[in-house]
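What follows is one structure encoded as structure tokens, with my remarks underneath.
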Amino acid sequence: MLDEKQKLEISQDDLALIEAALQTQSKILGVQASAGGSNALGRLNDVKRVLATIAQQRNVKRTPAVPTKGLFLSMARMFG
């Protein structure tokens, strides 16, 4: 089955709240999985995957683009 992707507009504060809730859920599922919970390990993996996706996409948005003019000038100073 293919997952359909849908873009949502969520504020940074809302995203931080969702991420914190998922981290708490991850801790709870970790305890349940270590106690032998049958479905907890699968759910824990799902939550960790979503957290990784959030972190990855958040880092992509925060990475500033390098202006080409600034890069050229800094290289010109380095070599000239």
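Each chain in the structure tokens gets a letter, A, B, ..., in the order shown, and its residues are numbered from 1; ligands are numbered from 1 in order too.
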
- Identify, on the basis of only C-alpha atoms, every residue whose closest approach to Ala55 (chain A) does not exceed 12 Å; exclude the query and any residue fewer than 3 positions from it along the same chain; express the result as a PyMOL selection string. chain A and resi 15-16+18-20+22-23+48-52+58-62

- Å distance separating CA of Gly30 (chain A) from CA of Gly42 (chain A), one decimal place: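 A separation of 10.4 Å between them.
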
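Going from CA of Arg43 (chain A) to CA of Ser26 (chain A) covers 8.6 Å.
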
- So which one's closest to Asn45 (chain A), A:Gln6, A:Ala21, A:Gln57, A:Leu29? Using only C-alpha atoms, please.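 That would be A:Leu29, the residue with the smallest distance to Asn45 (chain A).
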
- Task: Give me, please, the distance in Å between CA of Ile10 (chain A) and CA of Gln56 (chain A), quoted to one decimal.
- Result: 15.8 Å

- Task: Could you find all residues in region 18-48 of chain A that DSSP calls alpha helix (DSSP H) from the backbone, and write them as number ranges by chain?
- Result: A: 18-34, 40-48

Please produce a file of the residues just selected, as a PDB file, in the first residue's frame, where the atoms kept are C-alpha atoms.
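Here's the written file part-v5.pdb:
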```
ATOM      1  CA  ILE A  18       3.479  17.664  18.093  1.00  0.00           C
ATOM      2  CA  GLU A  19       7.151  16.726  18.179  1.00  0.00           C
ATOM      3  CA  ALA A  20       7.241  16.900  21.998  1.00  0.00           C
ATOM      4  CA  ALA A  21       4.122  14.734  22.218  1.00  0.00           C
ATOM      5  CA  LEU A  22       5.659  12.161  19.878  1.00  0.00           C
ATOM      6  CA  GLN A  23       8.851  12.108  21.946  1.00  0.00           C
ATOM      7  CA  THR A  24       6.779  11.432  25.064  1.00  0.00           C
ATOM      8  CA  GLN A  25       4.892   8.709  23.212  1.00  0.00           C
ATOM      9  CA  SER A  26       8.209   7.231  22.112  1.00  0.00           C
ATOM     10  CA  LYS A  27       9.351   6.969  25.746  1.00  0.00           C
ATOM     11  CA  ILE A  28       6.088   5.313  26.778  1.00  0.00           C
ATOM     12  CA  LEU A  29       6.267   2.819  23.910  1.00  0.00           C
ATOM     13  CA  GLY A  30       9.907   2.095  24.750  1.00  0.00           C
ATOM     14  CA  VAL A  31       8.911   1.097  28.289  1.00  0.00           C
ATOM     15  CA  GLN A  32       6.023  -0.998  26.979  1.00  0.00           C
ATOM     16  CA  ALA A  33       8.259  -2.712  24.408  1.00  0.00           C
ATOM     17  CA  SER A  34      10.889  -3.546  27.022  1.00  0.00           C
ATOM     18  CA  ALA A  40       4.585  -1.575  21.243  1.00  0.00           C
ATOM     19  CA  LEU A  41       7.762  -2.219  19.258  1.00  0.00           C
ATOM     20  CA  GLY A  42       6.014  -1.740  15.912  1.00  0.00           C
ATOM     21  CA  ARG A  43       4.329   1.444  17.097  1.00  0.00           C
ATOM     22  CA  LEU A  44       7.630   2.666  18.554  1.00  0.00           C
ATOM     23  CA  ASN A  45       9.295   2.221  15.169  1.00  0.00           C
ATOM     24  CA  ASP A  46       6.447   4.139  13.500  1.00  0.00           C
ATOM     25  CA  VAL A  47       6.739   7.031  15.965  1.00  0.00           C
ATOM     26  CA  LYS A  48      10.527   7.165  15.573  1.00  0.00           C
TER      27      LYS A  48
END
```
